[in-house]
Structures are given as C-alpha cells and as structure tokens.
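Below is run-v5.csv, which holds CSV, C-alpha atoms and all ligand atoms.
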```
chain,number,residue,atom,x,y,z
M,219,MET,CA,17.8,8.9,-27.9
M,220,ASN,CA,19.3,12.0,-26.4
M,221,LEU,CA,19.6,14.8,-29.0
M,222,ILE,CA,20.7,18.4,-29.1
M,223,PHE,CA,19.2,20.8,-31.5
M,224,LEU,CA,21.7,23.5,-32.3
M,225,GLY,CA,21.0,26.5,-34.6
M,226,PRO,CA,20.6,30.2,-34.6
M,227,PRO,CA,17.3,31.9,-33.6
M,228,GLY,CA,14.7,31.3,-36.2
M,229,ALA,CA,16.5,28.2,-37.7
M,230,GLY,CA,13.4,26.1,-37.1
M,231,LYS,CA,14.4,24.2,-34.0
M,232,GLY,CA,11.0,24.5,-32.3
M,233,THR,CA,9.1,23.8,-35.6
M,234,GLN,CA,11.1,20.6,-36.3
M,235,ALA,CA,11.2,19.5,-32.7
M,236,LYS,CA,7.5,19.0,-32.7
M,237,ASN,CA,7.7,16.5,-35.6
M,238,ILE,CA,10.7,14.6,-34.1
M,239,CYS,CA,9.0,14.2,-30.7
M,240,ASN,CA,5.8,12.9,-32.3
M,241,ASP,CA,7.7,10.3,-34.4
M,242,TYR,CA,10.5,9.2,-32.1
M,243,GLY,CA,8.9,9.4,-28.6
M,244,VAL,CA,11.4,11.7,-27.1
M,245,VAL,CA,10.5,14.7,-25.0
M,246,GLN,CA,11.3,18.3,-26.2
M,247,LEU,CA,13.1,20.3,-23.6
M,248,SER,CA,13.1,23.9,-24.8
M,249,THR,CA,14.9,26.1,-22.4
M,250,GLY,CA,13.2,29.1,-24.1
M,251,ASP,CA,9.7,27.6,-23.6
M,252,ILE,CA,10.4,26.7,-20.0
M,253,LEU,CA,11.7,30.2,-19.3
M,254,ARG,CA,8.7,31.8,-21.0
M,255,ALA,CA,6.3,29.6,-18.9
M,256,ASN,CA,8.2,30.8,-15.7
M,257,LYS,CA,7.8,34.5,-16.9
M,258,LYS,CA,4.1,34.0,-17.4
M,259,GLU,CA,3.7,32.4,-14.0
M,260,GLY,CA,5.8,35.2,-12.4
M,261,THR,CA,8.2,32.8,-10.6
M,262,PRO,CA,11.5,34.2,-9.2
M,263,LEU,CA,13.3,32.6,-12.1
M,264,GLY,CA,10.9,34.1,-14.6
M,265,LYS,CA,11.3,37.6,-13.1
M,266,THR,CA,15.1,37.4,-13.2
M,267,ALA,CA,15.1,35.9,-16.8
M,268,GLN,CA,12.7,38.4,-18.2
M,269,GLU,CA,15.1,41.3,-18.7
M,270,TYR,CA,17.8,39.2,-20.3
M,271,MET,CA,15.3,37.5,-22.7
M,272,ASP,CA,13.5,40.7,-23.8
M,273,ARG,CA,16.9,42.2,-24.8
M,274,GLY,CA,17.9,38.9,-26.5
M,275,ASP,CA,20.8,38.3,-24.1
M,276,LEU,CA,21.6,34.9,-22.6
M,277,VAL,CA,20.2,34.1,-19.1
M,278,PRO,CA,23.2,33.4,-16.7
M,279,ASP,CA,24.6,29.9,-17.0
M,280,ASP,CA,24.1,28.9,-13.3
M,281,LEU,CA,20.3,29.6,-13.5
M,282,ILE,CA,20.0,27.6,-16.8
M,283,ILE,CA,22.0,24.7,-15.5
M,284,LYS,CA,20.0,24.4,-12.3
M,285,MET,CA,16.8,24.5,-14.4
M,286,ILE,CA,17.8,21.9,-16.9
M,287,ARG,CA,19.1,19.5,-14.1
M,288,GLU,CA,15.6,19.5,-12.6
M,289,GLU,CA,13.9,19.0,-16.0
M,290,MET,CA,16.1,16.1,-17.1
M,291,LYS,CA,15.6,14.2,-13.9
M,292,LYS,CA,11.8,14.1,-14.4
M,293,PRO,CA,10.4,10.6,-15.3
M,294,SER,CA,9.0,12.1,-18.6
M,295,CYS,CA,12.6,12.3,-19.9
M,296,SER,CA,13.5,8.6,-19.2
M,297,ASN,CA,12.9,7.6,-22.8
M,298,GLY,CA,15.2,10.4,-24.0
M,299,CYS,CA,15.0,14.0,-24.8
M,300,LEU,CA,15.5,16.6,-27.5
M,301,LEU,CA,17.3,19.6,-26.0
M,302,ASP,CA,16.1,22.7,-27.9
M,303,GLY,CA,18.1,25.8,-27.0
M,304,PHE,CA,20.5,24.1,-24.6
M,305,PRO,CA,23.5,24.1,-24.3
M,306,ARG,CA,24.2,27.6,-25.6
M,307,THR,CA,27.7,28.1,-24.1
M,308,VAL,CA,30.7,25.9,-23.5
M,309,VAL,CA,30.1,26.2,-19.7
M,310,GLN,CA,26.6,24.7,-20.3
M,311,ALA,CA,27.9,22.0,-22.6
M,312,ARG,CA,30.4,20.9,-19.9
M,313,ALA,CA,27.7,20.9,-17.2
M,314,LEU,CA,25.5,18.7,-19.5
M,315,GLU,CA,28.4,16.2,-19.8
M,316,ILE,CA,28.5,15.9,-16.1
M,317,LEU,CA,24.8,15.6,-15.7
M,318,LEU,CA,24.5,12.9,-18.4
M,319,GLY,CA,27.4,11.0,-16.8
M,320,GLU,CA,25.6,11.1,-13.4
M,321,MET,CA,22.5,9.8,-15.0
M,322,GLY,CA,24.3,7.0,-17.0
M,323,LYS,CA,23.1,8.5,-20.3
M,324,LYS,CA,24.9,9.6,-23.5
M,325,LEU,CA,24.3,11.9,-26.4
M,326,ASP,CA,23.4,10.3,-29.7
M,327,SER,CA,23.6,13.3,-32.0
M,328,VAL,CA,23.9,17.1,-32.2
M,329,LEU,CA,21.7,18.2,-35.1
M,330,VAL,CA,23.0,21.5,-36.4
M,331,LEU,CA,20.5,23.6,-38.5
M,332,ASP,CA,22.0,26.2,-40.7
M,333,VAL,CA,20.1,29.1,-42.3
M,334,PRO,CA,21.5,32.4,-43.7
M,335,ASP,CA,21.1,35.5,-41.4
M,336,GLU,CA,18.7,37.5,-43.7
M,337,GLU,CA,16.3,34.6,-43.9
M,338,LEU,CA,16.4,34.3,-40.1
M,339,VAL,CA,15.4,38.0,-39.7
M,340,ARG,CA,12.6,37.6,-42.2
M,341,ARG,CA,11.2,34.5,-40.5
M,342,LEU,CA,11.4,35.9,-36.9
M,343,SER,CA,9.9,39.3,-37.9
M,344,ALA,CA,6.8,37.4,-39.1
M,345,ARG,CA,6.6,34.7,-36.4
M,346,LEU,CA,3.6,34.1,-34.3
M,347,THR,CA,3.7,31.8,-31.2
M,348,CYS,CA,1.0,30.0,-29.3
M,349,LYS,CA,0.4,31.4,-25.9
M,350,SER,CA,-0.5,28.0,-24.5
M,351,CYS,CA,1.7,25.3,-26.2
M,352,GLY,CA,4.5,27.5,-27.7
M,353,ARG,CA,4.0,26.2,-31.2
M,354,SER,CA,5.6,28.5,-33.9
M,355,TYR,CA,3.7,29.8,-36.9
M,356,ASN,CA,4.6,32.4,-39.5
M,357,ASN,CA,2.4,35.0,-41.2
M,358,ILE,CA,4.3,34.5,-44.5
M,359,PHE,CA,5.7,31.0,-44.5
M,360,ASN,CA,3.6,28.9,-42.2
M,361,PRO,CA,0.3,30.5,-41.3
M,362,PRO,CA,-2.3,28.8,-38.9
M,363,LYS,CA,-5.5,27.5,-40.5
M,364,VAL,CA,-7.5,30.2,-38.7
M,365,GLU,CA,-5.9,33.6,-38.3
M,366,GLY,CA,-4.6,34.3,-34.8
M,367,VAL,CA,-5.4,30.9,-33.4
M,368,CYS,CA,-3.3,27.8,-32.8
M,369,ASP,CA,-4.3,24.7,-34.9
M,370,ASP,CA,-3.5,22.4,-32.0
M,371,ASP,CA,-5.3,23.9,-29.0
M,372,GLY,CA,-7.2,26.9,-30.3
M,373,ALA,CA,-5.2,29.3,-28.0
M,374,GLU,CA,-4.4,32.8,-29.0
M,375,LEU,CA,-1.2,33.5,-31.0
M,376,TYR,CA,1.2,36.4,-30.1
M,377,GLN,CA,4.4,38.0,-31.1
M,378,ARG,CA,7.3,37.3,-28.8
M,379,GLU,CA,8.9,40.3,-27.1
M,380,ASP,CA,12.3,39.3,-28.4
M,381,ASP,CA,11.2,39.2,-32.0
M,382,SER,CA,11.8,42.9,-32.4
M,383,GLU,CA,14.4,43.8,-35.1
M,384,LYS,CA,16.9,45.1,-32.4
M,385,SER,CA,16.6,42.0,-30.3
M,386,ILE,CA,16.8,39.7,-33.3
M,387,ARG,CA,20.1,41.3,-34.3
M,388,ASN,CA,21.4,40.9,-30.8
M,389,ARG,CA,20.4,37.3,-30.6
M,390,LEU,CA,22.2,36.6,-33.9
M,391,GLU,CA,25.4,38.2,-32.6
M,392,ILE,CA,25.3,36.3,-29.4
M,393,TYR,CA,24.7,33.0,-31.3
M,394,LYS,CA,27.8,33.6,-33.3
M,395,LYS,CA,30.0,34.6,-30.4
M,396,MET,CA,28.7,32.3,-27.6
M,397,THR,CA,26.9,29.3,-29.1
M,398,SER,CA,28.5,28.6,-32.5
M,399,PRO,CA,31.8,27.4,-30.9
M,400,LEU,CA,29.8,24.4,-29.7
M,401,ILE,CA,29.8,23.1,-33.3
M,402,ASP,CA,33.6,22.6,-33.0
M,403,PHE,CA,33.1,21.3,-29.4
M,404,TYR,CA,30.8,18.5,-30.6
M,405,SER,CA,32.5,17.9,-34.0
M,406,ASN,CA,35.6,17.0,-32.0
M,407,GLN,CA,33.5,14.3,-30.4
M,408,ASP,CA,32.2,13.3,-33.8
M,409,LEU,CA,28.6,14.0,-32.7
M,410,CYS,CA,27.5,16.7,-35.2
M,411,ASP,CA,25.0,16.1,-38.0
M,412,GLU,CA,24.7,19.2,-40.1
M,413,ILE,CA,21.4,19.9,-42.0
M,414,SER,CA,20.4,22.8,-44.2
M,415,GLY,CA,17.5,24.6,-42.5
M,416,SER,CA,16.5,26.4,-45.8
M,417,GLY,CA,13.7,25.2,-47.9
M,418,GLN,CA,10.2,23.7,-47.2
M,419,ILE,CA,9.5,22.6,-43.6
M,420,ASN,CA,8.5,19.1,-44.6
M,421,GLU,CA,11.6,18.6,-46.9
M,422,ILE,CA,13.9,19.6,-44.1
M,423,TYR,CA,12.1,17.2,-41.8
M,424,SER,CA,12.6,14.3,-44.3
M,425,GLY,CA,16.4,15.0,-44.2
M,426,ILE,CA,16.3,15.0,-40.4
M,427,LYS,CA,14.3,11.7,-40.4
M,428,ASN,CA,16.9,10.1,-42.7
M,429,LEU,CA,19.6,11.0,-40.2
M,430,LEU,CA,17.8,9.9,-37.1
M,431,ASP,CA,16.7,6.6,-38.5
M,432,LYS,CA,20.3,5.4,-38.3
M,433,TYR,CA,20.2,5.8,-34.5
M,501,LIG,P1,14.6,30.4,-27.4
M,501,LIG,O1,13.2,30.3,-27.2
M,501,LIG,O2,15.4,29.1,-27.5
M,501,LIG,O3,14.9,31.2,-28.8
M,501,LIG,P2,16.0,31.1,-30.0
M,501,LIG,O4,17.1,30.2,-29.8
M,501,LIG,O5,16.3,32.5,-30.2
M,501,LIG,O6,15.3,30.3,-31.1
M,501,LIG,P3,13.8,30.6,-31.6
M,501,LIG,O7,12.9,29.9,-30.7
M,501,LIG,O8,13.7,32.0,-31.8
M,501,LIG,O9,13.9,29.9,-33.0
M,501,LIG,P4,13.6,28.4,-33.5
M,501,LIG,O10,14.9,27.9,-34.1
M,501,LIG,O11,12.9,27.6,-32.5
M,501,LIG,O12,12.7,28.7,-34.7
M,501,LIG,P5,11.1,28.4,-34.9
M,501,LIG,O13,10.9,26.9,-35.1
M,501,LIG,O14,10.3,29.1,-33.9
M,501,LIG,O15,15.3,31.4,-26.4
M,501,LIG,C1,14.8,32.6,-26.1
M,501,LIG,C2,15.6,33.3,-25.0
M,501,LIG,O16,15.7,32.6,-23.8
M,501,LIG,C3,17.1,33.5,-25.3
M,501,LIG,O17,17.3,34.6,-26.2
M,501,LIG,C4,17.7,33.6,-24.0
M,501,LIG,O18,17.5,34.9,-23.4
M,501,LIG,C5,16.9,32.6,-23.2
M,501,LIG,N1,17.5,31.3,-23.2
M,501,LIG,C6,17.0,30.2,-23.7
M,501,LIG,N2,17.8,29.1,-23.6
M,501,LIG,C7,18.9,29.6,-23.0
M,501,LIG,C8,20.2,29.0,-22.6
M,501,LIG,N3,20.4,27.7,-22.8
M,501,LIG,N4,21.1,29.8,-22.0
M,501,LIG,C9,20.8,31.1,-21.7
M,501,LIG,N5,19.7,31.7,-22.1
M,501,LIG,C10,18.7,31.0,-22.7
M,501,LIG,O19,10.9,29.1,-36.4
M,501,LIG,C11,11.1,30.5,-36.5
M,501,LIG,C12,10.0,31.0,-37.5
M,501,LIG,O20,10.3,30.5,-38.8
M,501,LIG,C13,8.6,30.6,-37.2
M,501,LIG,O21,7.7,31.6,-37.6
M,501,LIG,C14,8.4,29.3,-38.2
M,501,LIG,O22,7.1,29.1,-38.5
M,501,LIG,C15,9.3,29.7,-39.4
M,501,LIG,N6,9.9,28.6,-40.0
M,501,LIG,C16,10.4,27.5,-39.5
M,501,LIG,N7,11.0,26.7,-40.5
M,501,LIG,C17,10.8,27.4,-41.6
M,501,LIG,C18,11.1,27.1,-43.0
M,501,LIG,N8,11.8,26.0,-43.3
M,501,LIG,N9,10.8,28.0,-43.9
M,501,LIG,C19,10.2,29.2,-43.6
M,501,LIG,N10,9.8,29.5,-42.3
M,501,LIG,C20,10.1,28.6,-41.4
M,502,MG,MG,12.3,27.9,-30.5
```

How would this structure read if it were set down as structure tokens?
Amino acid sequence: MNLIFLGPPGAGKGTQAKNICNDYGVVQLSTGDILRANKKEGTPLGKTAQEYMDRGDLVPDDLIIKMIREEMKKPSCSNGCLLDGFPRTVVQARALEILLGEMGKKLDSVLVLDVPDEELVRRLSARLTCKSCGRSYNNIFNPPKVEGVCDDDGAELYQREDDSEKSIRNRLEIYKKMTSPLIDFYSNQDLCDEISGSGQINEIYSGIKNLLDKY
C-alpha cells in the first residue's frame, strides 16, 4: 500500500500514522520528522530548512523532492509507505507522480483528516514531542504515562519551535493556500478518502481501519 496522509498541522497525522504502520506493515515517511532529524544532526539540509520551519513556512520544493526521492528508494519502503506531510504543493504532487511511475508503483489512497482551526490551535499549543522517535503527546488530550518522558523509548519530550501561536497561525494559512488545493487534485483522480479528525484518537483510528481494510 502507498498512502498519503493529508491534513492541516495538528490534525493527528503523526499520531494516527504510528497505528497504521504497526497494523499494515507500511513505513511512515514524515518529511517533518526527517527534516527535524537533519536539523538536529546539523546537516546542510537541516541548516537550510531550519529558518523556514521555525517560522512555519514551507521548505523549498526542490529540496523536499530530492529528499523524498532518496527516502522512497530505500529498501525499507519496498512494502509500501505512508507519506505524512508530503506532498504539500501541487509541484510536489506532480514530482511524486513521476517518482512513483519510475518505480512502477501507484497510490492506493489519500487520507484527508479534517479538524476545525480552533481545535488545531488548542492541540498544537499543548503538544509535546519525543526528542528521539518523534511521537506526539499532548498535555491536555493525550499525556504520556510519566510526565515529560516518552512511553515508547523513555526519551525526553520537548515543545517544537514551530508550536508557538504565531507560527501555528502561519502554518494554518499556508496549509489553506498551498496544500488544501491537493484535495481537489486527488479527488479528480478519485483517490481521496475524507475522515473527520475530531473525537477520540482510537475512534478516529477505527474509521481509518475500516477504510484501509478495503485496500
Ligand atoms: P510537519 O512536521 O509535517 O508538521 P505539520 O504538517 O504542521 O503537522 P504536525 O506534525 O504539526 O501535525 P500532525 O498532523 O502530525 O499532528 P499530531 O499527530 O502531532 O512539518 C513541519 C515543518 O516542516 C513544516 O512547517 C515545513 O516547514 C516543513 N515541511 C515538512 N514537510 C514539508 C513539505 N512536504 N514541503 C515543504 N516543507 C515541509 O497531533 C497534534 C497534537 O494533537 C498532539 O499533541 C496529539 O497528541 C494531539 N492529538 C492528535 N489527535 C488528537 C485527537 N483526536 N484529539 C485530541 N488531541 C489529539
Ligand atoms: Mg506530524
């Protein structure tokens, strides 16, 4: 299965991706997580990406496309992947079509998670992220078992630089302007499966499972 997870910042893409990957044997490719790992390691890509990310702007298409090409060609993706946070522009979506064509693969579904803006702001303002594995927690809605520590690997939790109120608002604007046109782009190919991202995390996942089981 090759899937795209489309949805605004805070919709729960990362949270739900973990469950999907566990149950369906696909690999999560989160462009945000890969960029944050590059930032942490101080690679040239990480250094260039940092200023865009901290403001909540998109990193230039050419850098992202080069990065995702390298990731998707790794053997770990041979059973399929869940693209979390890519594509985010029509230019990226067209580049993905070319890449999948070269690899003899196709997209099975574009899962679109929808959540109202005010709820997104509330979620992101209280989000905590694992420094090591990137898993998302939430002080209000989804706290870790032990305060400040990841349930999975015991690493420290931190607040992402782009989870400031100013950056959150910018990310929401950019999503509407640059990324939401992809819903039409993929609906025209009959690939979109829309899911409400409001409600309990496990209830939303049940809905996703019902959809995915048909593939
Ligand atoms: P990225 O890391 O992809 O960030 P994002 O798209 O803004 O999405 P988030 O990770 O913030 O949200 P999410 O949907 O994963 O939500 P989560 O599950 O964590 O990108 C970061 C930056 O990198 C971009 O701004 C850009 O600069 C750059 N970048 C990345 N990809 C790029 C690309 N393709 N092109 C150009 N630039 C790119 O959940 C959020 C919170 O809500 C958590 O606290 C969680 O616990 C909680 N939560 C989840 N579900 C629920 C629920 N049902 N009820 C209550 N709380 C919930
Ligand atoms: Mg995420």

Counting all atoms listed in the file, the residue of M:Ile392, M:Ile419, M:Ile286, M:Leu429 that sits nearest ligand LIG 501 (chain M): M:Ile419

Protein and nucleic acid residues within 12 Å of ligand MG 502 (chain M) (all atoms listed in the file) as a PyMOL selection string: chain M and resi 223-236+246-254+301-304+342+345-348+351-355+378+380-381

For atom CA of M:Asn297 and atom CA of M:Asn220, the interatomic separation in Å (one decimal):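 For atom CA of M:Asn297 relative to atom CA of M:Asn220, the distance reads 8.6 Å.
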
Non-local contacts of stretch 328-333 of chain M (6 Å; all atoms listed in the file; under 5 positions in same chain excluded) as JSON, numbers by chain: {"M": [221, 222, 223, 224, 225, 229, 409, 410, 411, 412, 413, 414, 415, 416]}

d(atom CA of M:Ser294, atom CA of M:Asn240) in Å: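 If I compute the distance from atom CA of M:Ser294 to atom CA of M:Asn240, I get 14.1 Å.
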
Distance in Å - atom CA of M:Ser350 versus atom CA of M:Ala373: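 Computing the Euclidean distance for atom CA of M:Ser350 and atom CA of M:Ala373 yields 6.0 Å.
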
Contacts of M:Met321 within 12 Å, only C-alpha atoms, excl. fewer than 4 positions in-chain, as a list in words: Arg287, Met290, Lys291, Lys292, Cys295, Ser296, Gly298, Leu314, Glu315, Ile316, Leu317 and Leu325 of chain M

Got time to write the residues from that selection, C-alpha atoms, as a PDB file, in the frame of the given file?
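And here is the file that came out, result-v7.pdb:
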```pdb
ATOM      1  CA  ARG M 287      19.100  19.500 -14.100  1.00  0.00           C
ATOM      2  CA  MET M 290      16.100  16.100 -17.100  1.00  0.00           C
ATOM      3  CA  LYS M 291      15.600  14.200 -13.900  1.00  0.00           C
ATOM      4  CA  LYS M 292      11.800  14.100 -14.400  1.00  0.00           C
ATOM      5  CA  CYS M 295      12.600  12.300 -19.900  1.00  0.00           C
ATOM      6  CA  SER M 296      13.500   8.600 -19.200  1.00  0.00           C
ATOM      7  CA  GLY M 298      15.200  10.400 -24.000  1.00  0.00           C
ATOM      8  CA  LEU M 314      25.500  18.700 -19.500  1.00  0.00           C
ATOM      9  CA  GLU M 315      28.400  16.200 -19.800  1.00  0.00           C
ATOM     10  CA  ILE M 316      28.500  15.900 -16.100  1.00  0.00           C
ATOM     11  CA  LEU M 317      24.800  15.600 -15.700  1.00  0.00           C
ATOM     12  CA  LEU M 325      24.300  11.900 -26.400  1.00  0.00           C
TER      13      LEU M 325
END
```

Given all atoms listed in the file as the counted atoms, nearest of M:Pro305, M:Pro361, M:Gly425, M:Gly417 to M:Ile401: M:Pro305

Exercise: M:Asn388 partners within 12 Å, all atoms listed in the file, chain neighbours under 3 positions left out, as a PyMOL selection string: chain M and resi 226-227+270-276+335+339+380-385+391-396

Among the residues M:Tyr242, M:Met219, M:Lys349, M:Leu390, the one that comes closest to M:Gly366 [using only C-alpha atoms]: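 Smallest distance to M:Gly366 is found for M:Lys349.
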
Counting all atoms listed in the file, the option among M:Pro293, M:Pro334, M:Gly260, M:Gly322 closest to ligand LIG 501 (chain M): M:Pro334

Neighbours of point (3.0, 35.3, -43.1) within 10 Å, using all atoms listed in the file, written as a list of chain:residue names: M:Arg340, M:Arg341, M:Ser343, M:Ala344, M:Arg345, M:Leu346, M:Tyr355, M:Asn356, M:Asn357, M:Ile358, M:Phe359, M:Asn360, M:Pro361, M:Pro362

Minimum-distance residue to M:Gln268, chosen among M:Glu374, M:Ala313, M:Cys239, M:Glu379 (using all atoms listed in the file):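 Smallest separation from M:Gln268 among the options: M:Glu379.
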